[in-house]
Structure formats: structure tokens, C-alpha cells
file query.pdb (PDB, C-alpha atoms and all ligand atoms)
ATOM      1  CA  MET M   1       6.631   0.263 -20.584
ATOM      2  CA  ASP M   2       5.734  -1.578 -17.416
ATOM      3  CA  GLN M   3       8.490  -4.147 -16.854
ATOM      4  CA  ILE M   4       6.697  -5.867 -13.947
ATOM      5  CA  LYS M   5       3.542  -6.297 -16.030
ATOM      6  CA  ILE M   6       5.578  -7.563 -18.995
ATOM      7  CA  GLY M   7       7.373 -10.028 -16.703
ATOM      8  CA  LYS M   8       4.121 -11.430 -15.307
ATOM      9  CA  PHE M   9       2.767 -11.711 -18.844
ATOM     10  CA  ILE M  10       5.841 -13.660 -20.019
ATOM     11  CA  ALA M  11       5.464 -16.082 -17.091
ATOM     12  CA  GLU M  12       1.761 -16.499 -17.834
ATOM     13  CA  CYS M  13       2.379 -17.197 -21.554
ATOM     14  CA  ARG M  14       5.207 -19.596 -20.732
ATOM     15  CA  LYS M  15       2.922 -21.631 -18.453
ATOM     16  CA  LYS M  16       0.197 -21.612 -21.112
ATOM     17  CA  VAL M  17       2.534 -23.393 -23.541
ATOM     18  CA  ASN M  18       3.609 -25.800 -20.778
ATOM     19  CA  LEU M  19       7.267 -24.833 -20.534
ATOM     20  CA  THR M  20       9.422 -24.507 -17.417
ATOM     21  CA  GLN M  21      11.897 -21.615 -17.198
ATOM     22  CA  MET M  22      14.619 -24.184 -17.827
ATOM     23  CA  GLN M  23      12.940 -25.555 -20.969
ATOM     24  CA  LEU M  24      12.281 -22.093 -22.393
ATOM     25  CA  ALA M  25      15.897 -21.132 -21.681
ATOM     26  CA  GLU M  26      17.101 -24.193 -23.549
ATOM     27  CA  ILE M  27      14.997 -23.382 -26.618
ATOM     28  CA  LEU M  28      16.309 -19.813 -26.683
ATOM     29  CA  GLY M  29      19.890 -20.816 -25.923
ATOM     30  CA  ILE M  30      20.157 -18.631 -22.810
ATOM     31  CA  THR M  31      20.280 -19.241 -19.048
ATOM     32  CA  ASP M  32      17.145 -19.822 -16.935
ATOM     33  CA  ARG M  33      18.433 -16.991 -14.722
ATOM     34  CA  ALA M  34      17.835 -14.563 -17.598
ATOM     35  CA  ILE M  35      14.244 -15.759 -17.861
ATOM     36  CA  SER M  36      13.695 -15.458 -14.136
ATOM     37  CA  LYS M  37      14.988 -11.876 -14.387
ATOM     38  CA  TRP M  38      12.455 -11.032 -17.126
ATOM     39  CA  GLU M  39       9.585 -12.623 -15.236
ATOM     40  CA  THR M  40      10.346 -10.663 -12.067
ATOM     41  CA  GLY M  41      10.602  -7.426 -14.061
ATOM     42  CA  LYS M  42      14.318  -6.943 -13.356
ATOM     43  CA  SER M  43      15.258  -6.881 -17.034
ATOM     44  CA  MET M  44      13.778  -6.969 -20.519
ATOM     45  CA  PRO M  45      14.433  -9.599 -23.189
ATOM     46  CA  ASP M  46      17.151  -8.519 -25.589
ATOM     47  CA  ALA M  47      15.932  -7.198 -28.945
ATOM     48  CA  SER M  48      17.925  -9.952 -30.673
ATOM     49  CA  ILE M  49      15.882 -12.658 -28.953
ATOM     50  CA  MET M  50      12.456 -11.000 -28.819
ATOM     51  CA  LEU M  51      11.051 -12.379 -32.101
ATOM     52  CA  GLN M  52      12.068 -15.935 -31.261
ATOM     53  CA  LEU M  53      10.639 -15.602 -27.748
ATOM     54  CA  CYS M  54       7.339 -14.286 -29.074
ATOM     55  CA  GLY M  55       7.245 -17.132 -31.596
ATOM     56  CA  VAL M  56       7.634 -19.730 -28.858
ATOM     57  CA  LEU M  57       5.024 -18.038 -26.653
ATOM     58  CA  GLY M  58       2.597 -17.534 -29.542
ATOM     59  CA  ILE M  59       2.275 -13.764 -29.095
ATOM     60  CA  THR M  60       3.328 -10.676 -31.084
ATOM     61  CA  VAL M  61       6.124  -8.273 -30.075
ATOM     62  CA  ASN M  62       3.399  -5.668 -29.601
ATOM     63  CA  ASP M  63       1.668  -7.984 -27.084
ATOM     64  CA  LEU M  64       4.962  -8.576 -25.295
ATOM     65  CA  LEU M  65       5.786  -4.861 -24.984
ATOM     66  CA  SER M  66       2.226  -4.122 -23.847
ATOM     67  CA  GLY M  67       2.308  -6.896 -21.241
ATOM     68  CA  GLU M  68      -0.973  -8.360 -22.519
ATOM     69  CA  VAL M  69      -2.634  -9.709 -25.630
ATOM     70  CA  VAL M  70      -3.667  -6.565 -27.482
ATOM     71  CA  ALA M  71      -7.180  -6.620 -28.940
ATOM     72  CA  MET M  72      -7.399  -5.926 -32.688
ATOM     73  CA  ASP M  73      -9.293  -2.620 -32.309
ATOM     74  CA  ARG M  74      -6.571  -1.160 -30.053
ATOM     75  CA  TYR M  75      -3.673  -2.765 -31.911
ATOM     76  CA  ASN M  76      -2.366   0.253 -33.847
ATOM     77  CA  LYS M  77      -2.819   2.637 -30.953
ATOM     78  CA  GLU M  78      -0.904   0.361 -28.617
ATOM     79  CA  LEU M  79       1.790  -0.151 -31.261
ATOM     80  CA  GLU M  80       2.308   3.593 -31.639
ATOM     81  CA  HIS M  81       2.460   3.991 -27.883
ATOM     82  CA  ASN M  82       5.157   1.294 -27.622
ATOM     83  CA  LEU M  83       7.197   2.795 -30.472
ATOM     84  CA  LEU M  84       7.163   6.238 -28.875
ATOM     85  CA  GLU M  85       8.161   4.722 -25.562
ATOM     86  CA  ILE M  86      11.165   3.002 -27.181
ATOM     87  CA  VAL M  87      12.271   6.239 -28.860
ATOM     88  CA  SER M  88      12.066   8.210 -25.620
ATOM     89  CA  GLN M  89      13.971   5.455 -23.780
ATOM     90  CA  LYS M  90      16.781   5.730 -26.336
ATOM     91  CA  GLN M  91      16.835   9.496 -25.883
ATOM     92  CA  ARG M  92      17.149   9.145 -22.110
ATOM     93  CA  ALA M  93      19.917   6.555 -22.517
ATOM     94  CA  ASP M  94      21.760   8.839 -24.965
ATOM     95  CA  LYS M  95      21.525  11.720 -22.517
ATOM     96  CA  ARG M  96      23.106   9.576 -19.789
ATOM     97  CA  LEU M  97      25.858   8.509 -22.197
ATOM     98  CA  LEU M  98      26.684  12.118 -23.041
ATOM     99  CA  THR M  99      26.932  12.967 -19.338
ATOM    100  CA  ALA M 100      29.252   9.973 -18.874
ATOM    101  CA  GLU M 101      31.354  11.263 -21.760
ATOM    102  CA  VAL M 102      32.003  14.562 -19.979
ATOM    103  CA  PHE M 103      32.951  12.627 -16.830
ATOM    104  CA  ILE M 104      35.318  10.275 -18.703
ATOM    105  CA  GLY M 105      36.913  13.145 -20.622
ATOM    106  CA  SER M 106      37.558  15.320 -17.579
ATOM    107  CA  THR M 107      38.769  12.397 -15.427
ATOM    108  CA  ALA M 108      41.227  11.290 -18.130
ATOM    109  CA  THR M 109      42.557  14.846 -18.438
ATOM    110  CA  ALA M 110      42.866  15.277 -14.659
ATOM    111  CA  VAL M 111      44.741  11.968 -14.288
ATOM    112  CA  LEU M 112      47.183  12.933 -17.029
ATOM    113  CA  LEU M 113      47.847  16.339 -15.422
ATOM    114  CA  ILE M 114      48.345  14.793 -11.976
ATOM    115  CA  PHE M 115      50.808  12.228 -13.358
ATOM    116  CA  ILE M 116      52.780  14.909 -15.212
ATOM    117  CA  PHE M 117      52.813  17.064 -12.070
ATOM    118  CA  LEU M 118      54.085  14.128  -9.954
ATOM    119  CA  ALA M 119      56.747  13.247 -12.525
ATOM    120  CA  ALA M 120      57.913  16.840 -12.675
ATOM    121  CA  PHE M 121      57.994  17.816  -9.005
ATOM    122  CA  VAL M 122      58.291  14.679  -6.868
ATOM    123  CA  LYS M 123      61.749  13.229  -6.324
ATOM    124  CA  MET M 124      61.943   9.749  -7.921
ATOM    125  CA  GLU M 125      64.019   7.559 -10.172
ATOM    126  CA  LEU M 126      64.123   8.429 -13.861
ATOM    127  CA  TRP M 127      62.481   5.186 -15.028
ATOM    128  CA  LEU M 128      59.583   5.824 -12.666
ATOM    129  CA  ARG M 129      59.258   9.378 -13.948
ATOM    130  CA  ILE M 130      59.083   8.143 -17.556
ATOM    131  CA  SER M 131      56.670   5.321 -16.695
ATOM    132  CA  LEU M 132      54.324   7.743 -14.955
ATOM    133  CA  ILE M 133      54.157  10.019 -17.990
ATOM    134  CA  VAL M 134      53.741   7.136 -20.440
ATOM    135  CA  PHE M 135      51.041   5.549 -18.254
ATOM    136  CA  GLY M 136      49.283   8.906 -17.931
ATOM    137  CA  PHE M 137      49.202   9.302 -21.713
ATOM    138  CA  VAL M 138      47.929   5.747 -22.275
ATOM    139  CA  LEU M 139      45.048   6.339 -19.827
ATOM    140  CA  PHE M 140      44.357   9.701 -21.419
ATOM    141  CA  LEU M 141      44.202   8.212 -24.935
ATOM    142  CA  ALA M 142      41.939   5.374 -23.749
ATOM    143  CA  GLY M 143      39.659   7.990 -22.143
ATOM    144  CA  CYS M 144      39.604  10.018 -25.365
ATOM    145  CA  PHE M 145      38.791   6.915 -27.394
ATOM    146  CA  TYR M 146      35.769   6.056 -25.229
ATOM    147  CA  ALA M 147      34.588   9.650 -25.081
ATOM    148  CA  LEU M 148      34.760   9.920 -28.865
ATOM    149  CA  ARG M 149      32.996   6.598 -29.295
ATOM    150  CA  ILE M 150      30.114   7.901 -27.144
ATOM    151  CA  GLU M 151      30.126  11.153 -29.104
ATOM    152  CA  GLN M 152      29.678   9.114 -32.273
ATOM    153  CA  VAL M 153      26.876   6.748 -31.226
ATOM    154  CA  ALA M 154      24.784   8.792 -28.758
ATOM    155  CA  GLY M 155      22.134  10.898 -30.467
ATOM    156  CA  TYR M 156      22.550  12.335 -33.979
ATOM    157  CA  TYR M 157      24.287  15.151 -35.836
ATOM    158  CA  ALA M 158      22.075  17.656 -37.644
ATOM    159  CA  CYS M 159      23.241  19.087 -40.990
ATOM    160  CA  ARG M 160      22.973  22.877 -40.995
ATOM    161  CA  GLU M 161      22.378  22.996 -44.754
ATOM    162  CA  CYS M 162      19.559  20.476 -45.297
ATOM    163  CA  GLY M 163      18.502  19.510 -41.752
ATOM    164  CA  HIS M 164      19.339  15.822 -42.264
ATOM    165  CA  ARG M 165      20.044  13.975 -38.975
ATOM    166  CA  TYR M 166      22.375  10.979 -38.922
ATOM    167  CA  VAL M 167      24.949   8.912 -36.995
ATOM    168  CA  PRO M 168      28.403   9.516 -38.515
ATOM    169  CA  THR M 169      31.265   7.008 -38.778
ATOM    170  CA  TYR M 170      33.908   6.908 -36.037
ATOM    171  CA  LYS M 171      36.490   8.117 -38.555
ATOM    172  CA  ALA M 172      34.377  11.137 -39.533
ATOM    173  CA  VAL M 173      33.870  12.123 -35.881
ATOM    174  CA  ASN M 174      37.534  11.543 -35.060
ATOM    175  CA  SER M 175      38.913  13.684 -37.888
ATOM    176  CA  ALA M 176      36.371  16.523 -37.727
ATOM    177  CA  PRO M 177      37.258  19.878 -36.146
ATOM    178  CA  HIS M 178      34.918  20.610 -33.242
ATOM    179  CA  MET M 179      33.742  23.259 -30.797
ATOM    180  CA  GLY M 180      32.224  21.482 -27.819
ATOM    181  CA  ARG M 181      29.905  18.890 -29.327
ATOM    182  CA  THR M 182      29.404  20.775 -32.597
ATOM    183  CA  ARG M 183      31.473  19.253 -35.402
ATOM    184  CA  TYR M 184      32.455  20.424 -38.877
ATOM    185  CA  MET M 185      31.574  17.435 -41.070
ATOM    186  CA  ARG M 186      30.306  16.556 -44.527
ATOM    187  CA  CYS M 187      26.597  15.652 -44.614
ATOM    188  CA  PRO M 188      25.988  12.227 -46.227
ATOM    189  CA  GLU M 189      22.623  13.508 -47.542
ATOM    190  CA  CYS M 190      23.449  16.794 -49.323
ATOM    191  CA  GLY M 191      27.250  16.432 -49.421
ATOM    192  CA  LYS M 192      27.866  19.943 -48.026
ATOM    193  CA  LYS M 193      30.225  20.649 -45.122
ATOM    194  CA  SER M 194      28.839  22.572 -42.172
ATOM    195  CA  TRP M 195      29.050  22.954 -38.372
ATOM    196  CA  GLN M 196      26.687  20.199 -37.251
ATOM    197  CA  LYS M 197      25.020  20.262 -33.865
ATOM    198  CA  LYS M 198      24.539  17.212 -31.657
ATOM    199  CA  VAL M 199      20.825  16.478 -31.192
ATOM    200  CA  LEU M 200      19.026  13.761 -29.224
ATOM    201  CA  SER M 201      16.101  13.049 -31.528
ATOM    202  CA  GLN M 202      16.128  11.929 -35.127
ATOM    203  CA  GLU M 203      13.369  14.349 -36.212
TER     204      GLU M 203
HETATM  205 ZN    ZN P 301      22.855  18.110 -45.468
END
call {"tool": "encode", "arguments": {"input": "query.pdb", "output": "C-alpha cells"}}
result
Amino acid sequence: MDQIKIGKFIAECRKKVNLTQMQLAEILGITDRAISKWETGKSMPDASIMLQLCGVLGITVNDLLSGEVVAMDRYNKELEHNLLEIVSQKQRADKRLLTAEVFIGSTATAVLLIFIFLAAFVKMELWLRISLIVFGFVLFLAGCFYALRIEQVAGYYACRECGHRYVPTYKAVNSAPHMGRTRYMRCPECGKKSWQKKVLSQE
């Protein structure tokens, strides 16, 4: 998707319906800064606001994502193209999240080890020693929580038995035994337990 083209198109449609950035912002209940960001291609309208925006501008979501009014004979083709683009964007975002998870996990572990090392070998008052260890554990647990949260929402788990791919609950991810990213969980589709691999695509 071409964000610059989409931005220019939004500006063009807005002028066609005789609205200033400020007026459009007021209708949508957002800031005019957000609209200026869309129109300069710096960001995309949020999914939660897209339908309302298109309604005001008198275009379809397909038009918006294409950055132009899509002619009827190309409509389905363009729609498919936009859908595929969205799916591949999610996959790229998930990949980045999973890389961040490794970073968060290893940083949290390193910080905990450093704090324990300091508390054990550096001369200091007892209260400081205890605080360091407690603080280290709190950071470590926070790191684990975020890492696990990413593990849950980024990508999908694939059932080994029936091939079903799904996003599990936080509780299921948290309580499942794991080796790396592969988790032993019950499949919501076939109900069997198996070692489920993390995959980036739903199919
Ligand atoms: Zn299954």
C-alpha cells in the first residue's frame, strides 16, 4: 500500500466535500494533527475509524486503501490485492514482535543475573542487598509477562493433529510446557493435545 498516494487521495476527497482538516477532525472526534499525518503519508487511519472516514468522504474502504476511486471492472482484483497486502503487513509486524520478545526475555534475564551478582559479591548494607534482589525479580517477572504476551498474540499456533491454526488464550500459553516457541497445548478445534509450532501465517 502506498501511504503517500493514500494521503494525497484523502486530502483530495476531503476538499471535494468542502471540509477543512479541522472540520473533518471534529466530525471524527480526533485531532487535526492526525489528519495532517494521514495526508502527508506519515501514518494510516486507524481501522476503528476507517469506515466512518470513508462514509464522510463518500468512498469505499477499498478506494481508500488503493489511494483512488477503483473502477467497477477492477474492483475485485484491487480488493484482493489490498487484502493480501494487509495479511503480509501483519506477518511482518508479527516477525518484528517475535524478535523483540527474544530481546526483552534475554535483557530481563541478564538484569536479574547482574543484580544477584552485585548483591552477592559487592559490599553493601543488607537492606540494599535485599532491595536489589527484589527489584531484579520484579523486572524479570515484568519482562516475562511482556514476552509471554507477545508469544500469545504474534502469529498463530498450529495443531499437529489436525493442522488447525489459532491464537490461544494468555492462560493457555502461560500454563503450557514449552521447548523454545513450541508449546504443548490442547487444540480448540479437535480437542487433542500436541506440541504446537509457532507459525506466522494463518493458512
Ligand atoms: Zn487440532
call {"tool": "resolve_selection", "arguments": {"input": "query.pdb", "expression": "the PyMOL selection byres (((chain M and resi 132-145) around 8) and not hetatm)", "output": "PyMOL selection string"}}
result
chain M and resi 104-105+108-109+111-113+115-116+119+128-131+146-149
call {"tool": "closest_residue", "arguments": {"input": "query.pdb", "among": "M:Phe103, M:Trp38, M:Phe121, M:Trp195", "to": "ligand ZN 301 (chain P)", "atoms": "all atoms listed in the file"}}
result
M:Trp195
call {"tool": "residues_near_ligand", "arguments": {"input": "query.pdb", "ligand": "ligand ZN 301 (chain P)", "cutoff": "6 Å", "atoms": "all atoms listed in the file", "output": "ChimeraX atom specification"}}
result
/M:159,161-164,187,189-190,192
call {"tool": "atom_distance", "arguments": {"input": "query.pdb", "atom1": "CA of Leu64 in chain M", "atom2": "CA of Val153 in chain M"}}
result
27.4 Å
call {"tool": "resolve_selection", "arguments": {"input": "query.pdb", "expression": "the PyMOL selection byres (((chain M and resi 185) around 10) and not hetatm)", "output": "MDAnalysis selection string"}}
result
chainID M and resid 157 159 168 172:173 175:178 182:184 186:188 191:196
call {"tool": "residues_around", "arguments": {"input": "query.pdb", "residues": "Val167 in chain M", "least_positions_apart": "2", "cutoff": "9 Å", "atoms": "only C-alpha atoms", "output": "VMD selection string"}}
result
chain M and resid 152 to 157 165 169
call {"tool": "closest_residue", "arguments": {"input": "query.pdb", "among": "M:Val70, M:Leu28, M:Met22, M:Val87", "to": "Leu51 in chain M", "atoms": "only C-alpha atoms"}}
result
M:Leu28
call {"tool": "closest_residue", "arguments": {"input": "query.pdb", "among": "M:Ile59, M:Gln3, M:Ser36, M:Ile30", "to": "Val17 in chain M", "atoms": "only C-alpha atoms"}}
result
M:Ile59
call {"tool": "closest_residue", "arguments": {"input": "query.pdb", "among": "M:Glu80, M:Asp73, M:Glu151, M:Glu125", "to": "Thr99 in chain M", "atoms": "all atoms listed in the file"}}
result
M:Glu151
call {"tool": "resolve_selection", "arguments": {"input": "query.pdb", "expression": "the PyMOL selection byres (((chain M and resi 4-9) around 12) and not hetatm)", "output": "ChimeraX atom specification"}}
result
/M:1-3,10-16,34-45,54,57,59,61-70
call {"tool": "axis_aligned_box", "arguments": {"input": "query.pdb", "around": "range 160-178 of chain M", "padding_each_side": "4 Å", "output": "JSON"}}
result
{"center_x": 28.7, "center_y": 15.0, "center_z": -39.3, "size_x": 28.4, "size_y": 24.1, "size_z": 20.1}
call {"tool": "closest_residue", "arguments": {"input": "query.pdb", "among": "M:Ala47, M:Leu200, M:Ile150, M:Met72", "to": "Ala100 in chain M", "atoms": "only C-alpha atoms"}}
result
M:Ile150
call {"tool": "atom_distance", "arguments": {"input": "query.pdb", "atom1": "CA of Asp94 in chain M", "atom2": "CA of Val199 in chain M"}}
result
9.9 Å
call {"tool": "atom_distance", "arguments": {"input": "query.pdb", "atom1": "CA of Tyr75 in chain M", "atom2": "CA of Met50 in chain M"}}
result
18.4 Å
call {"tool": "decode", "arguments": {"input": "query.pdb", "residues": "range 71-108 of chain M", "atoms": "N, CA and C atoms", "output": "compact mmCIF listing (two decimals), in the first residue's frame"}}
result
# COMPACT_ATOMS: atom_id res chain seq x y z
N ALA M 71 -12.34 1.59 -10.28
CA ALA M 71 -13.39 1.35 -11.26
C ALA M 71 -14.00 -0.03 -11.04
N MET M 72 -15.27 -0.19 -11.37
CA MET M 72 -16.02 -1.41 -11.09
C MET M 72 -15.34 -2.65 -11.68
N ASP M 73 -14.79 -2.55 -12.90
CA ASP M 73 -14.22 -3.75 -13.54
C ASP M 73 -12.90 -4.20 -12.88
N ARG M 74 -12.28 -3.34 -12.10
CA ARG M 74 -11.03 -3.74 -11.41
C ARG M 74 -11.29 -3.97 -9.92
N TYR M 75 -12.54 -3.79 -9.50
CA TYR M 75 -12.84 -3.70 -8.07
C TYR M 75 -12.37 -4.93 -7.28
N ASN M 76 -12.74 -6.13 -7.75
CA ASN M 76 -12.39 -7.34 -7.03
C ASN M 76 -10.89 -7.59 -7.02
N LYS M 77 -10.25 -7.33 -8.14
CA LYS M 77 -8.82 -7.53 -8.25
C LYS M 77 -8.08 -6.63 -7.24
N GLU M 78 -8.49 -5.40 -7.21
CA GLU M 78 -7.87 -4.42 -6.31
C GLU M 78 -8.13 -4.80 -4.86
N LEU M 79 -9.34 -5.29 -4.60
CA LEU M 79 -9.72 -5.72 -3.24
C LEU M 79 -8.83 -6.86 -2.78
N GLU M 80 -8.63 -7.84 -3.63
CA GLU M 80 -7.77 -8.98 -3.30
C GLU M 80 -6.35 -8.51 -3.03
N HIS M 81 -5.88 -7.62 -3.87
CA HIS M 81 -4.53 -7.09 -3.72
C HIS M 81 -4.38 -6.43 -2.34
N ASN M 82 -5.37 -5.60 -1.96
CA ASN M 82 -5.31 -4.91 -0.67
C ASN M 82 -5.37 -5.88 0.50
N LEU M 83 -6.21 -6.92 0.37
CA LEU M 83 -6.31 -7.91 1.45
C LEU M 83 -4.97 -8.62 1.66
N LEU M 84 -4.36 -9.04 0.55
CA LEU M 84 -3.08 -9.74 0.65
C LEU M 84 -2.02 -8.85 1.28
N GLU M 85 -2.06 -7.58 0.90
CA GLU M 85 -1.10 -6.61 1.43
C GLU M 85 -1.25 -6.50 2.95
N ILE M 86 -2.51 -6.47 3.42
CA ILE M 86 -2.76 -6.35 4.86
C ILE M 86 -2.24 -7.58 5.60
N VAL M 87 -2.49 -8.77 5.01
CA VAL M 87 -2.02 -10.01 5.64
C VAL M 87 -0.50 -10.01 5.73
N SER M 88 0.18 -9.61 4.66
CA SER M 88 1.64 -9.67 4.68
C SER M 88 2.20 -8.60 5.63
N GLN M 89 1.47 -7.47 5.77
CA GLN M 89 1.92 -6.46 6.75
C GLN M 89 1.83 -7.01 8.17
N LYS M 90 0.75 -7.76 8.46
CA LYS M 90 0.61 -8.35 9.79
C LYS M 90 1.73 -9.35 10.04
N GLN M 91 2.07 -10.13 9.00
CA GLN M 91 3.13 -11.11 9.17
C GLN M 91 4.47 -10.44 9.47
N ARG M 92 4.73 -9.33 8.78
CA ARG M 92 6.00 -8.62 9.03
C ARG M 92 6.00 -8.06 10.45
N ALA M 93 4.85 -7.49 10.87
CA ALA M 93 4.76 -6.92 12.22
C ALA M 93 4.95 -8.02 13.27
N ASP M 94 4.35 -9.19 13.03
CA ASP M 94 4.49 -10.31 13.97
C ASP M 94 5.95 -10.75 14.08
N LYS M 95 6.63 -10.76 12.96
CA LYS M 95 8.03 -11.17 12.94
C LYS M 95 8.86 -10.22 13.82
N ARG M 96 8.59 -8.91 13.66
CA ARG M 96 9.30 -7.92 14.48
C ARG M 96 9.01 -8.13 15.95
N LEU M 97 7.73 -8.41 16.27
CA LEU M 97 7.34 -8.63 17.66
C LEU M 97 8.11 -9.81 18.26
N LEU M 98 8.23 -10.89 17.48
CA LEU M 98 8.90 -12.08 17.99
C LEU M 98 10.39 -11.81 18.22
N THR M 99 10.98 -10.97 17.38
CA THR M 99 12.38 -10.59 17.60
C THR M 99 12.49 -9.76 18.89
N ALA M 100 11.52 -8.84 19.08
CA ALA M 100 11.51 -8.03 20.30
C ALA M 100 11.36 -8.91 21.53
N GLU M 101 10.59 -9.99 21.39
CA GLU M 101 10.38 -10.89 22.53
C GLU M 101 11.70 -11.50 22.99
N VAL M 102 12.52 -11.93 22.04
CA VAL M 102 13.81 -12.52 22.38
C VAL M 102 14.66 -11.48 23.11
N PHE M 103 14.63 -10.24 22.60
CA PHE M 103 15.40 -9.15 23.21
C PHE M 103 14.93 -8.89 24.65
N ILE M 104 13.61 -8.78 24.83
CA ILE M 104 13.05 -8.50 26.16
C ILE M 104 13.40 -9.63 27.12
N GLY M 105 13.22 -10.86 26.65
CA GLY M 105 13.49 -12.03 27.50
C GLY M 105 14.94 -12.09 27.94
N SER M 106 15.87 -11.88 27.00
CA SER M 106 17.28 -12.01 27.37
C SER M 106 17.75 -10.83 28.21
N THR M 107 17.20 -9.62 27.92
CA THR M 107 17.57 -8.46 28.75
C THR M 107 17.10 -8.64 30.19
N ALA M 108 15.84 -9.10 30.35
CA ALA M 108 15.29 -9.30 31.69
C ALA M 108 16.13 -10.31 32.46
